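Structure data (mmCIF, C-alpha atoms and all ligand atoms) from entry29.cif:
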```
data_structure
loop_
_atom_site.label_atom_id
_atom_site.label_comp_id
_atom_site.auth_asym_id
_atom_site.auth_seq_id
_atom_site.Cartn_x
_atom_site.Cartn_y
_atom_site.Cartn_z
CA MET A 1 0.00 0.00 0.00
CA ILE A 2 3.04 2.29 0.31
CA GLU A 3 5.24 2.15 -2.70
CA LEU A 4 8.49 3.88 -3.54
CA ARG A 5 9.27 3.90 -7.23
CA ASN A 6 12.79 4.69 -8.41
CA VAL A 7 13.33 7.14 -5.59
CA CYS A 8 16.60 9.09 -5.65
CA LYS A 9 17.67 11.62 -3.06
CA SER A 10 20.98 13.44 -2.88
CA PHE A 11 22.24 16.17 -0.61
CA ASN A 12 24.60 19.00 -1.53
CA THR A 13 24.22 18.11 -5.18
CA GLY A 14 26.96 19.46 -7.42
CA THR A 15 29.34 20.19 -4.56
CA ALA A 16 32.37 18.29 -3.31
CA SER A 17 30.31 16.99 -0.40
CA GLU A 18 27.53 15.53 -2.55
CA THR A 19 25.91 12.54 -0.83
CA LYS A 20 23.60 10.09 -2.49
CA ALA A 21 21.32 9.20 0.40
CA LEU A 22 18.90 7.04 -1.63
CA GLU A 23 19.74 5.49 -4.97
CA ASN A 24 16.98 4.40 -7.28
CA LEU A 25 15.10 2.79 -4.43
CA ASN A 26 12.12 0.55 -5.11
CA LEU A 27 10.03 -0.76 -2.26
CA VAL A 28 6.49 -1.99 -1.75
CA ILE A 29 5.13 -2.17 1.77
CA ASN A 30 1.89 -4.07 2.09
CA GLU A 31 -1.00 -3.13 4.30
CA GLY A 32 -0.39 -4.47 7.80
CA ASP A 33 3.35 -5.04 7.27
CA PHE A 34 5.53 -4.34 10.30
CA VAL A 35 8.91 -3.67 8.72
CA THR A 36 12.08 -3.25 10.72
CA VAL A 37 14.82 -1.28 8.98
CA ILE A 38 18.46 -1.80 9.78
CA GLY A 39 21.66 -0.37 8.32
CA GLY A 40 24.86 1.40 9.23
CA ASN A 41 25.13 5.09 10.09
CA GLY A 42 24.36 7.19 7.05
CA SER A 43 22.90 4.28 5.05
CA GLY A 44 19.72 6.26 4.32
CA LYS A 45 17.25 4.97 6.90
CA SER A 46 16.03 8.34 8.16
CA THR A 47 15.99 9.71 4.63
CA LEU A 48 13.69 6.84 3.64
CA VAL A 49 11.06 7.66 6.26
CA ASN A 50 11.48 11.40 5.67
CA ILE A 51 10.70 10.85 2.00
CA ILE A 52 7.59 8.86 2.91
CA SER A 53 6.32 11.46 5.38
CA GLY A 54 7.05 14.35 3.03
CA THR A 55 9.67 15.96 5.27
CA LEU A 56 11.92 15.52 2.23
CA MET A 57 10.89 15.45 -1.41
CA PRO A 58 12.64 12.98 -3.71
CA ASP A 59 14.88 14.34 -6.50
CA GLU A 60 13.45 11.66 -8.71
CA GLY A 61 10.80 9.00 -8.37
CA GLU A 62 7.48 8.70 -6.64
CA VAL A 63 5.96 7.79 -3.33
CA LEU A 64 2.53 6.22 -3.57
CA LEU A 65 -0.04 5.54 -0.89
CA ARG A 66 -2.65 3.09 -2.20
CA ASP A 67 -1.89 4.11 -5.79
CA TYR A 68 -2.19 7.81 -4.95
CA ASN A 69 0.92 9.82 -5.75
CA LEU A 70 1.93 11.47 -2.48
CA ASN A 71 4.37 13.78 -4.27
CA LYS A 72 1.32 15.99 -4.76
CA LEU A 73 0.94 16.50 -1.02
CA LYS A 74 3.11 18.60 1.27
CA GLU A 75 4.25 17.29 4.63
CA HIS A 76 1.39 18.84 6.63
CA GLU A 77 -1.15 17.52 4.13
CA ARG A 78 0.24 14.01 4.63
CA ALA A 79 0.28 14.32 8.42
CA PRO A 80 -3.14 12.72 8.97
CA TYR A 81 -1.92 9.53 7.30
CA PHE A 82 1.26 9.10 9.31
CA GLY A 83 2.10 8.81 12.97
CA ARG A 84 5.74 9.53 13.73
CA VAL A 85 7.97 8.92 16.68
CA PHE A 86 11.56 10.16 16.61
CA GLN A 87 14.66 9.25 18.56
CA ASP A 88 14.48 12.41 20.66
CA PRO A 89 11.73 12.18 23.31
CA MET A 90 11.52 15.99 23.31
CA ILE A 91 10.19 16.15 19.75
CA GLY A 92 6.88 14.29 19.82
CA THR A 93 5.18 16.10 22.67
CA ALA A 94 4.82 19.70 23.86
CA ALA A 95 6.67 20.08 27.17
CA ASP A 96 4.74 23.14 28.35
CA MET A 97 1.38 21.52 27.88
CA THR A 98 -0.21 18.97 30.20
CA VAL A 99 -0.60 15.28 29.40
CA ILE A 100 -4.29 15.75 28.65
CA GLU A 101 -3.70 18.81 26.47
CA ASN A 102 -1.13 16.89 24.43
CA LEU A 103 -3.56 14.03 23.92
CA ALA A 104 -6.39 16.38 23.00
CA LEU A 105 -4.15 18.07 20.46
CA ALA A 106 -3.24 14.77 18.83
CA TYR A 107 -6.78 13.44 18.89
CA GLY A 108 -7.94 16.59 17.16
CA ARG A 109 -5.33 16.35 14.42
CA ASN A 110 -7.58 14.43 12.09
CA ARG A 111 -10.12 17.16 11.83
CA THR A 112 -9.69 18.97 8.55
CA ARG A 113 -10.64 22.40 9.79
CA SER A 114 -9.41 22.87 13.32
CA VAL A 115 -5.81 21.72 13.26
CA PHE A 116 -4.84 23.50 16.45
CA ARG A 117 -7.94 22.75 18.43
CA TRP A 118 -6.87 21.20 21.69
CA SER A 119 -9.81 21.92 23.90
CA TYR A 120 -11.51 18.72 24.97
CA LYS A 121 -14.94 17.61 26.02
CA LYS A 122 -15.65 16.08 29.39
CA ALA A 123 -16.59 12.85 27.64
CA ASP A 124 -13.10 12.63 26.18
CA VAL A 125 -11.41 12.58 29.58
CA GLN A 126 -12.50 9.01 30.30
CA LYS A 127 -11.15 7.89 26.94
CA PHE A 128 -7.83 9.57 27.69
CA ILE A 129 -7.65 7.83 31.05
CA ASP A 130 -8.47 4.44 29.51
CA ASP A 131 -5.87 4.88 26.80
CA LEU A 132 -3.19 5.97 29.26
CA LYS A 133 -3.92 2.95 31.44
CA THR A 134 -2.94 0.68 28.55
CA LEU A 135 0.60 2.11 28.73
CA ASP A 136 0.90 0.81 32.28
CA LEU A 137 3.08 3.75 33.34
CA GLY A 138 0.69 5.39 35.78
CA LEU A 139 0.22 8.36 33.45
CA GLU A 140 -3.54 8.21 34.00
CA ASN A 141 -2.84 9.76 37.41
CA ARG A 142 -0.80 12.60 35.93
CA LEU A 143 -3.31 14.02 33.44
CA TYR A 144 -2.87 17.61 34.53
CA GLN A 145 0.92 17.62 34.87
CA LYS A 146 3.14 19.24 32.30
CA VAL A 147 4.70 16.74 29.92
CA GLY A 148 8.11 18.32 30.54
CA LEU A 149 8.07 16.64 33.96
CA LEU A 150 7.84 13.13 32.49
CA SER A 151 10.81 10.84 31.84
CA GLY A 152 12.04 10.19 28.29
CA GLY A 153 10.42 6.76 28.23
CA GLN A 154 7.10 8.10 29.46
CA ARG A 155 7.20 10.80 26.80
CA GLN A 156 7.97 8.27 24.06
CA ALA A 157 5.08 6.07 25.20
CA LEU A 158 2.79 9.10 25.18
CA THR A 159 4.00 10.07 21.70
CA LEU A 160 3.23 6.55 20.52
CA LEU A 161 -0.27 6.78 21.91
CA MET A 162 -0.74 10.13 20.19
CA ALA A 163 0.64 8.75 16.93
CA THR A 164 -1.62 5.71 16.83
CA ASN A 165 -4.78 6.73 18.55
CA ARG A 166 -6.14 9.67 16.63
CA ASN A 167 -9.50 11.30 16.63
CA LYS A 168 -11.98 9.94 14.14
CA PRO A 169 -11.72 11.79 10.84
CA SER A 170 -14.40 14.28 9.86
CA TYR A 171 -17.09 13.21 7.37
CA ARG A 172 -15.62 15.61 4.86
CA ARG A 173 -12.25 13.90 5.13
CA ILE A 174 -13.74 10.42 4.93
CA LYS A 175 -15.46 11.40 1.69
CA ARG A 176 -12.34 13.00 0.21
CA ASP A 177 -10.02 10.17 1.20
CA TYR A 178 -12.39 7.49 -0.07
CA VAL A 179 -12.07 9.01 -3.52
CA ARG A 180 -8.37 9.87 -3.14
CA PHE A 181 -7.15 6.49 -1.91
CA GLY A 182 -9.88 4.13 -3.10
CA LYS A 183 -9.13 1.60 -5.75
CA GLY A 184 -10.63 1.82 -9.22
CA ASP A 185 -12.47 4.60 -10.95
CA LYS A 186 -12.39 7.91 -9.05
CA LYS A 187 -15.55 9.26 -10.66
CA ALA A 188 -17.53 6.16 -9.70
CA ALA A 189 -16.15 6.31 -6.15
CA LYS A 190 -17.16 9.95 -5.87
CA ILE A 191 -20.73 9.17 -6.92
CA GLU A 192 -20.86 6.10 -4.69
CA VAL A 193 -19.76 7.91 -1.54
CA LYS A 194 -21.93 10.95 -2.25
CA GLU A 195 -25.03 8.83 -2.69
CA ALA A 196 -24.31 6.73 0.38
CA PHE A 197 -23.87 9.86 2.51
CA LEU A 198 -27.06 11.39 1.14
CA SER A 199 -29.15 8.31 1.74
CA ALA A 200 -27.75 7.85 5.26
CA GLY A 201 -28.54 11.50 5.99
CA GLU A 202 -32.02 11.17 4.57
CA LYS A 203 -32.71 8.08 6.70
CA TYR A 204 -31.46 9.88 9.81
CA ARG A 205 -33.70 12.89 9.16
CA GLN A 206 -36.68 10.60 8.66
CA ASP A 207 -35.97 8.64 11.84
CA LYS A 208 -35.62 11.87 13.75
CA SER A 209 -38.93 13.28 12.60
CA GLU A 210 -40.68 9.98 13.38
CA ILE A 211 -39.18 9.93 16.85
CA ASN A 212 -40.22 13.53 17.47
CA GLN A 213 -43.83 12.69 16.61
CA LYS A 214 -43.98 9.93 19.19
CA SER A 215 -45.82 10.67 22.41
CA ILE A 216 -43.00 9.73 24.73
CA SER A 217 -40.90 11.65 27.22
CA LYS A 218 -38.24 14.13 26.14
CA GLU A 219 -35.53 11.90 27.57
CA ALA A 220 -36.78 8.85 25.70
CA LYS A 221 -36.80 10.86 22.46
CA LYS A 222 -33.27 12.03 23.10
CA ALA A 223 -32.08 8.46 23.63
CA LEU A 224 -33.74 7.24 20.43
CA ILE A 225 -32.31 10.11 18.40
CA LYS A 226 -28.88 9.35 19.77
CA LYS A 227 -29.26 5.75 18.63
CA ALA A 228 -30.40 6.86 15.18
CA PHE A 229 -27.38 9.14 14.93
CA GLN A 230 -25.06 6.31 15.87
CA GLU A 231 -26.48 4.22 13.04
CA TYR A 232 -25.99 7.12 10.65
CA ASP A 233 -22.41 7.59 11.87
CA LYS A 234 -21.68 3.87 11.46
CA LYS A 235 -22.87 3.91 7.86
CA ILE A 236 -20.61 6.84 7.06
CA ARG A 237 -17.55 5.49 8.86
CA LYS A 238 -17.70 2.35 6.73
CA PHE A 239 -16.14 4.55 4.06
CA ASP A 240 -13.17 5.49 6.24
CA ILE A 241 -10.31 3.65 4.58
CA THR A 242 -7.39 5.45 6.19
CA LYS A 243 -5.40 4.41 9.23
CA PRO A 244 -2.24 6.12 10.37
CA ILE A 245 0.92 4.43 9.16
CA LEU A 246 3.48 4.33 11.92
CA LEU A 247 6.96 5.67 11.18
CA LEU A 248 9.42 5.04 14.00
CA ASP A 249 12.97 6.36 13.70
CA GLU A 250 15.04 4.75 16.44
CA HIS A 251 12.38 5.77 18.91
CA THR A 252 13.89 3.78 21.77
CA ALA A 253 17.57 4.60 21.13
CA ALA A 254 17.70 7.34 23.77
CA LEU A 255 16.13 5.21 26.49
CA ASP A 256 17.69 2.89 29.06
CA PRO A 257 17.39 -0.82 28.09
CA LYS A 258 14.55 -1.56 30.48
CA THR A 259 12.44 1.41 29.40
CA ALA A 260 13.31 0.75 25.75
CA LYS A 261 11.97 -2.77 26.11
CA LYS A 262 8.75 -1.50 27.66
CA VAL A 263 8.23 1.08 24.91
CA LEU A 264 8.94 -1.57 22.25
CA GLU A 265 6.43 -3.93 23.80
CA THR A 266 3.88 -1.12 23.85
CA THR A 267 4.70 -0.45 20.21
CA GLU A 268 4.09 -4.07 19.28
CA ARG A 269 0.85 -4.21 21.23
CA MET A 270 -0.50 -1.07 19.55
CA VAL A 271 0.56 -2.23 16.11
CA ASN A 272 -1.23 -5.54 16.63
CA GLU A 273 -4.28 -3.99 18.24
CA HIS A 274 -4.85 -1.45 15.48
CA ARG A 275 -3.27 -3.62 12.76
CA LEU A 276 -1.08 -0.71 11.76
CA THR A 277 1.32 -0.70 8.87
CA THR A 278 4.62 0.13 10.53
CA ILE A 279 8.17 1.03 9.58
CA MET A 280 10.56 0.83 12.50
CA ILE A 281 14.17 1.90 12.13
CA THR A 282 16.44 0.39 14.72
CA HIS A 283 20.11 0.16 15.42
CA ASN A 284 19.58 -2.96 17.40
CA MET A 285 19.78 -6.24 15.46
CA ARG A 286 18.06 -8.17 18.19
CA ASP A 287 15.04 -5.84 18.07
CA ALA A 288 15.06 -5.90 14.26
CA ILE A 289 14.78 -9.68 14.46
CA ARG A 290 12.36 -9.86 17.37
CA TYR A 291 9.77 -7.41 16.08
CA GLY A 292 7.80 -7.24 12.86
CA ASN A 293 7.15 -9.61 9.97
CA ARG A 294 9.71 -8.19 7.59
CA LEU A 295 13.25 -6.85 7.79
CA ILE A 296 14.97 -4.53 5.36
CA MET A 297 18.68 -3.82 5.33
CA LEU A 298 19.92 -0.58 3.80
CA SER A 299 23.43 0.16 2.66
CA HIS A 300 24.54 3.29 0.84
CA GLY A 301 20.95 4.17 0.03
CA GLU A 302 20.09 0.80 -1.45
CA ILE A 303 18.09 -2.12 -0.14
CA VAL A 304 20.56 -4.99 0.15
CA ALA A 305 18.32 -7.44 1.99
CA ASP A 306 14.55 -7.86 2.30
CA ILE A 307 13.53 -10.79 4.46
CA SER A 308 9.99 -11.68 5.50
CA GLY A 309 7.73 -14.39 6.81
CA GLU A 310 9.36 -17.65 7.82
CA ASP A 311 12.81 -16.55 6.68
CA LYS A 312 12.54 -13.59 9.02
CA ALA A 313 11.33 -15.77 11.87
CA LYS A 314 14.38 -18.02 11.39
CA LEU A 315 16.90 -15.14 11.47
CA THR A 316 19.58 -15.15 14.14
CA ILE A 317 22.00 -12.43 15.17
CA GLU A 318 24.80 -14.48 13.61
CA THR A 319 23.17 -14.82 10.19
CA LEU A 320 22.15 -11.18 10.19
CA LEU A 321 25.66 -10.06 11.14
CA GLU A 322 27.13 -12.20 8.41
CA MET A 323 24.70 -10.68 5.95
CA PHE A 324 25.65 -7.24 7.17
CA VAL A 325 29.34 -7.86 6.65
CA THR A 326 28.94 -9.36 3.18
CA LYS A 327 26.28 -7.00 1.88
CA SER A 328 26.94 -3.68 3.45
CA LYS A 329 30.06 -2.53 1.65
CA ASN A 330 32.14 -1.16 4.53
CA ASP A 331 29.29 0.59 6.32
CA MET A 332 30.08 1.67 9.84
CA LEU A 333 28.49 -0.47 12.50
CA SER A 334 27.87 0.97 15.91
CA ASP A 335 28.62 -1.12 19.00
CA SER A 336 24.98 -1.44 19.90
CA THR A 337 24.16 -2.80 16.44
CA ILE A 338 26.75 -5.51 16.80
CA LEU A 339 26.01 -6.35 20.40
CA GLY A 340 22.28 -5.94 20.04
CA ASN A 341 21.96 -4.88 23.65
N1 LIG B 1 19.95 17.43 5.48
C1 LIG B 1 21.05 16.80 5.04
N2 LIG B 1 22.05 17.51 4.46
C2 LIG B 1 23.14 16.87 4.00
N3 LIG B 1 23.33 15.55 4.06
C3 LIG B 1 22.38 14.81 4.62
C4 LIG B 1 21.19 15.39 5.15
N4 LIG B 1 20.43 14.42 5.66
C5 LIG B 1 21.11 13.27 5.46
N5 LIG B 1 22.27 13.49 4.84
C6 LIG B 1 23.24 12.47 4.43
O1 LIG B 1 22.58 11.45 3.74
C7 LIG B 1 23.07 10.17 4.12
C8 LIG B 1 21.96 9.34 4.71
O2 LIG B 1 21.53 9.94 5.93
P1 LIG B 1 20.42 9.33 6.87
O3 LIG B 1 20.19 10.30 7.94
O4 LIG B 1 19.28 8.89 6.06
O5 LIG B 1 21.17 8.03 7.46
P2 LIG B 1 20.70 7.01 8.59
O6 LIG B 1 20.76 5.67 7.97
O7 LIG B 1 19.44 7.45 9.18
O8 LIG B 1 21.90 7.15 9.63
P3 LIG B 1 21.91 7.06 11.24
O9 LIG B 1 21.93 5.62 11.55
O10 LIG B 1 23.17 7.72 11.61
O11 LIG B 1 20.71 7.76 11.75
C9 LIG B 1 24.20 10.43 5.10
O12 LIG B 1 25.40 10.40 4.40
C10 LIG B 1 23.90 11.81 5.62
O13 LIG B 1 25.09 12.48 5.97
MG MG B 2 18.86 8.12 11.09
#
```

Show me, as structure tokens, the structure contained in the file I just sent.
Amino acid sequence: MIELRNVCKSFNTGTASETKALENLNLVINEGDFVTVIGGNGSGKSTLVNIISGTLMPDEGEVLLRDYNLNKLKEHERAPYFGRVFQDPMIGTAADMTVIENLALAYGRNRTRSVFRWSYKKADVQKFIDDLKTLDLGLENRLYQKVGLLSGGQRQALTLLMATNRNKPSYRRIKRDYVRFGKGDKKAAKIEVKEAFLSAGEKYRQDKSEINQKSISKEAKKALIKKAFQEYDKKIRKFDITKPILLLDEHTAALDPKTAKKVLETTERMVNEHRLTTIMITHNMRDAIRYGNRLIMLSHGEIVADISGEDKAKLTIETLLEMFVTKSKNDMLSDSTILGN
């Protein structure tokens, strides 16, 4: 569902320090893939995810999301489709805002109009508490504390939650994205979604007027209308075909081993729970082997190994190291990559 076609990216082109970060890269990542990416320093790992998220534009080639050419969209326009967590715990969250304000900001990100809306309804608070409980870090008791007071690991876990657990998209966005990312004929999709929305709306209006004519209490009417609305909402949300794709760039590298393990386990749980397509860059061979269903090795901006399924499950540190040495043309290996600690 994400495809890179002949992607090239160089830095400082035409100067003595010209670097080819990605060289004619071709890659197809299927829906639901959890890909770990490994490679020496400067092999192009961060550039790869930056090209996907739109932080960088390719010099040549295309990035496609479900057949839609993402080159057309700027980074902020792609933001609703990607959840990112970086190495630096300071980046993903706003230190001066409270835990709950950070969550509200992230949960509001999907709304097309109010990007910076971070006020929250009372009803949301319980959801925030429930979500924080799943992290098992006691953050549900620290809702009104500034995020700057949290540890690096707690901030990374919170960033993960914010990256995966977004607000439901607006109806307008559902409609647009169904046409944008849907398979097949765009015109037909446009008509299909428009008609479905109209008929759902019509049915809801009818139900509402019937309910209002009933000789029952105001409260009973309210409850029935709520139910009718939920049915309407369900019909519309059937057309929501987008889910955030998780892009993780060494998101546990700055954490102590114990906290890193906890954040990685949380990552895996969230990926499985939401069946998220995930790209996880890591310097740690053991983690690259342990997590995900597919492993990609980069060297000098090229994919030199792509291992999935049973072959991935059979990988050992030894075989991966051997592969690294034979395939990665004198790339630098950091100690933690070799030791996998
Ligand atoms: N903004 C930039 N300006 C100049 N060169 C860059 C820039 N970003 C990346 N590069 C170069 O492109 C190459 C690939 O960099 P990239 O950051 O993708 O590597 P990486 O695999 O993520 O490395 P690391 O493991 O150290 O994070 C490197 O040679 C790097 O120096
Ligand atoms: Mg990097």

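Ranking A:Pro80, A:Lys20, A:Asn141, A:His283 by their shortest atom-to-atom distance to ligand MG 2 (chain B), with only C-alpha atoms and all ligand atoms included, puts A:His283 first.
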
Closest contacts (chain A/ligand LIG 1 (chain B), max 6 Å, all atoms listed in the file) as a tab-separated table:
```
residue	atom	partner	partner_atom	distance
A:Phe11	CA	B:LIG1	C2	4.7
A:Thr19	CA	B:LIG1	O12	5.7
A:Ala21	CA	B:LIG1	O1	4.2
A:Gly40	CA	B:LIG1	O9	5.6
A:Asn41	CA	B:LIG1	O9	3.6
A:Gly42	CA	B:LIG1	O5	3.3
A:Ser43	CA	B:LIG1	O6	3.9
A:Gly44	CA	B:LIG1	O4	3.2
A:Lys45	CA	B:LIG1	O6	3.7
A:Ser46	CA	B:LIG1	O7	3.7
A:Thr47	CA	B:LIG1	O4	3.7
```

Extract, using all atoms listed in the file, all DNA, RNA and protein residues at most 12 Å from segment 260-262 of chain A, discarding same-chain residues fewer than 3 positions from it, and format them as an mmCIF file with C-alpha atoms, keeping the file's coordinate frame.
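Resulting contents of around_24.cif:
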```
data_model
loop_
_atom_site.group_PDB
_atom_site.id
_atom_site.type_symbol
_atom_site.label_atom_id
_atom_site.label_comp_id
_atom_site.auth_asym_id
_atom_site.auth_seq_id
_atom_site.Cartn_x
_atom_site.Cartn_y
_atom_site.Cartn_z
ATOM 1 C CA GLN A 87 14.660 9.250 18.560
ATOM 2 C CA PRO A 89 11.730 12.180 23.310
ATOM 3 C CA THR A 134 -2.940 0.680 28.550
ATOM 4 C CA LEU A 135 0.600 2.110 28.730
ATOM 5 C CA ASP A 136 0.900 0.810 32.280
ATOM 6 C CA LEU A 137 3.080 3.750 33.340
ATOM 7 C CA GLY A 152 12.040 10.190 28.290
ATOM 8 C CA GLY A 153 10.420 6.760 28.230
ATOM 9 C CA GLN A 154 7.100 8.100 29.460
ATOM 10 C CA ARG A 155 7.200 10.800 26.800
ATOM 11 C CA GLN A 156 7.970 8.270 24.060
ATOM 12 C CA ALA A 157 5.080 6.070 25.200
ATOM 13 C CA GLU A 250 15.040 4.750 16.440
ATOM 14 C CA HIS A 251 12.380 5.770 18.910
ATOM 15 C CA THR A 252 13.890 3.780 21.770
ATOM 16 C CA ALA A 253 17.570 4.600 21.130
ATOM 17 C CA ALA A 254 17.700 7.340 23.770
ATOM 18 C CA LEU A 255 16.130 5.210 26.490
ATOM 19 C CA ASP A 256 17.690 2.890 29.060
ATOM 20 C CA PRO A 257 17.390 -0.820 28.090
ATOM 21 C CA GLU A 265 6.430 -3.930 23.800
ATOM 22 C CA THR A 266 3.880 -1.120 23.850
ATOM 23 C CA THR A 267 4.700 -0.450 20.210
ATOM 24 C CA GLU A 268 4.090 -4.070 19.280
ATOM 25 C CA ARG A 269 0.850 -4.210 21.230
ATOM 26 C CA THR A 282 16.440 0.390 14.720
ATOM 27 C CA ASN A 284 19.580 -2.960 17.400
ATOM 28 C CA ARG A 286 18.060 -8.170 18.190
ATOM 29 C CA ASP A 287 15.040 -5.840 18.070
ATOM 30 C CA ARG A 290 12.360 -9.860 17.370
ATOM 31 C CA TYR A 291 9.770 -7.410 16.080
ATOM 32 C CA ASN A 341 21.960 -4.880 23.650
#
```

Compile the contact shell of segment 23-37 of chain A as an mmCIF file with C-alpha atoms, in the coordinates of the input: residues with an atom at most 8 Å away, counting only C-alpha atoms, same-chain residues fewer than 3 positions apart removed.
```cif
data_model
loop_
_atom_site.group_PDB
_atom_site.id
_atom_site.type_symbol
_atom_site.label_atom_id
_atom_site.label_comp_id
_atom_site.auth_asym_id
_atom_site.auth_seq_id
_atom_site.Cartn_x
_atom_site.Cartn_y
_atom_site.Cartn_z
ATOM 1 C CA MET A 1 0.000 0.000 0.000
ATOM 2 C CA ILE A 2 3.040 2.290 0.310
ATOM 3 C CA GLU A 3 5.240 2.150 -2.700
ATOM 4 C CA LEU A 4 8.490 3.880 -3.540
ATOM 5 C CA ARG A 5 9.270 3.900 -7.230
ATOM 6 C CA ASN A 6 12.790 4.690 -8.410
ATOM 7 C CA VAL A 7 13.330 7.140 -5.590
ATOM 8 C CA CYS A 8 16.600 9.090 -5.650
ATOM 9 C CA LYS A 9 17.670 11.620 -3.060
ATOM 10 C CA LYS A 20 23.600 10.090 -2.490
ATOM 11 C CA LYS A 45 17.250 4.970 6.900
ATOM 12 C CA GLY A 61 10.800 9.000 -8.370
ATOM 13 C CA VAL A 271 0.560 -2.230 16.110
ATOM 14 C CA ARG A 275 -3.270 -3.620 12.760
ATOM 15 C CA LEU A 276 -1.080 -0.710 11.760
ATOM 16 C CA THR A 277 1.320 -0.700 8.870
ATOM 17 C CA THR A 278 4.620 0.130 10.530
ATOM 18 C CA ILE A 279 8.170 1.030 9.580
ATOM 19 C CA MET A 280 10.560 0.830 12.500
ATOM 20 C CA ILE A 281 14.170 1.900 12.130
ATOM 21 C CA THR A 282 16.440 0.390 14.720
ATOM 22 C CA ALA A 288 15.060 -5.900 14.260
ATOM 23 C CA ILE A 289 14.780 -9.680 14.460
ATOM 24 C CA TYR A 291 9.770 -7.410 16.080
ATOM 25 C CA GLY A 292 7.800 -7.240 12.860
ATOM 26 C CA ASN A 293 7.150 -9.610 9.970
ATOM 27 C CA ARG A 294 9.710 -8.190 7.590
ATOM 28 C CA LEU A 295 13.250 -6.850 7.790
ATOM 29 C CA ILE A 296 14.970 -4.530 5.360
ATOM 30 C CA MET A 297 18.680 -3.820 5.330
ATOM 31 C CA LEU A 298 19.920 -0.580 3.800
ATOM 32 C CA HIS A 300 24.540 3.290 0.840
ATOM 33 C CA GLY A 301 20.950 4.170 0.030
ATOM 34 C CA GLU A 302 20.090 0.800 -1.450
ATOM 35 C CA ILE A 303 18.090 -2.120 -0.140
#
```

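Between atom CA of Gln126 of chain A and atom CA of Tyr144 of chain A there is a distance of 13.6 Å.
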
Option closest in space to ligand MG 2 (chain B), from A:Thr15, A:Thr93, A:Ser308, A:Asn50 [counting only C-alpha atoms and all ligand atoms] | A:Asn50

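Straight-line separation from atom CA of Asn12 of chain A to atom CA of Glu60 of chain A: 15.2 Å.
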
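For the set A:Lys168, A:Arg205, A:Lys214, A:Lys314, the residue with the smallest atom-to-atom gap to Tyr232 of chain A is A:Arg205, counting all atoms listed in the file.
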
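The gap separating atom CA of Leu161 of chain A from atom CA of Lys226 of chain A is 28.8 Å, in Å to one decimal.
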
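The nearest approach to Leu160 of chain A among the residues A:Asp96, A:Glu322, A:Asp249, A:Asp185, with all atoms listed in the file taken into account, belongs to A:Asp249.
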
Of the candidates A:Ile38, A:Leu143, A:Ala16, A:Leu149, which one gets nearest to ligand MG 2 (chain B) if we count only C-alpha atoms and all ligand atoms?
-> A:Ile38

Segment 100-103 of chain A, all listed atoms, 4 Å padding on each side: what axis-aligned box centre and edge lengths in Å to one decimal come out, as AutoDock Vina command-line options?
```
--center_x -2.7 --center_y 16.4 --center_z 26.3 --size_x 11.2 --size_y 12.8 --size_z 12.7
```

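Of the listed residues (A:Leu248, A:Lys234, A:Thr259, A:Lys122), A:Leu248 comes nearest to ligand MG 2 (chain B); the distances count all atoms listed in the file.
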
Leaving out Lys327 of chain A and any residue of its chain fewer than 6 positions from it, which residues lie within 8 Å of it when counting all atoms listed in the file, given as a PyMOL selection string?
-> chain A and resi 299+304-305

Filtering to C-alpha atoms, could segment 49-69 of chain A of the supplied structure be written out as a CSV table (one decimal), in the first residue's frame?
```csv
chain,number,residue,atom,x,y,z
A,49,VAL,CA,11.1,7.7,6.3
A,50,ASN,CA,11.5,11.4,5.7
A,51,ILE,CA,10.7,10.8,2.0
A,52,ILE,CA,7.6,8.9,2.9
A,53,SER,CA,6.3,11.5,5.4
A,54,GLY,CA,7.0,14.3,3.0
A,55,THR,CA,9.7,16.0,5.3
A,56,LEU,CA,11.9,15.5,2.2
A,57,MET,CA,10.9,15.5,-1.4
A,58,PRO,CA,12.6,13.0,-3.7
A,59,ASP,CA,14.9,14.3,-6.5
A,60,GLU,CA,13.4,11.7,-8.7
A,61,GLY,CA,10.8,9.0,-8.4
A,62,GLU,CA,7.5,8.7,-6.6
A,63,VAL,CA,6.0,7.8,-3.3
A,64,LEU,CA,2.5,6.2,-3.6
A,65,LEU,CA,0.0,5.5,-0.9
A,66,ARG,CA,-2.7,3.1,-2.2
A,67,ASP,CA,-1.9,4.1,-5.8
A,68,TYR,CA,-2.2,7.8,-4.9
A,69,ASN,CA,0.9,9.8,-5.7
```
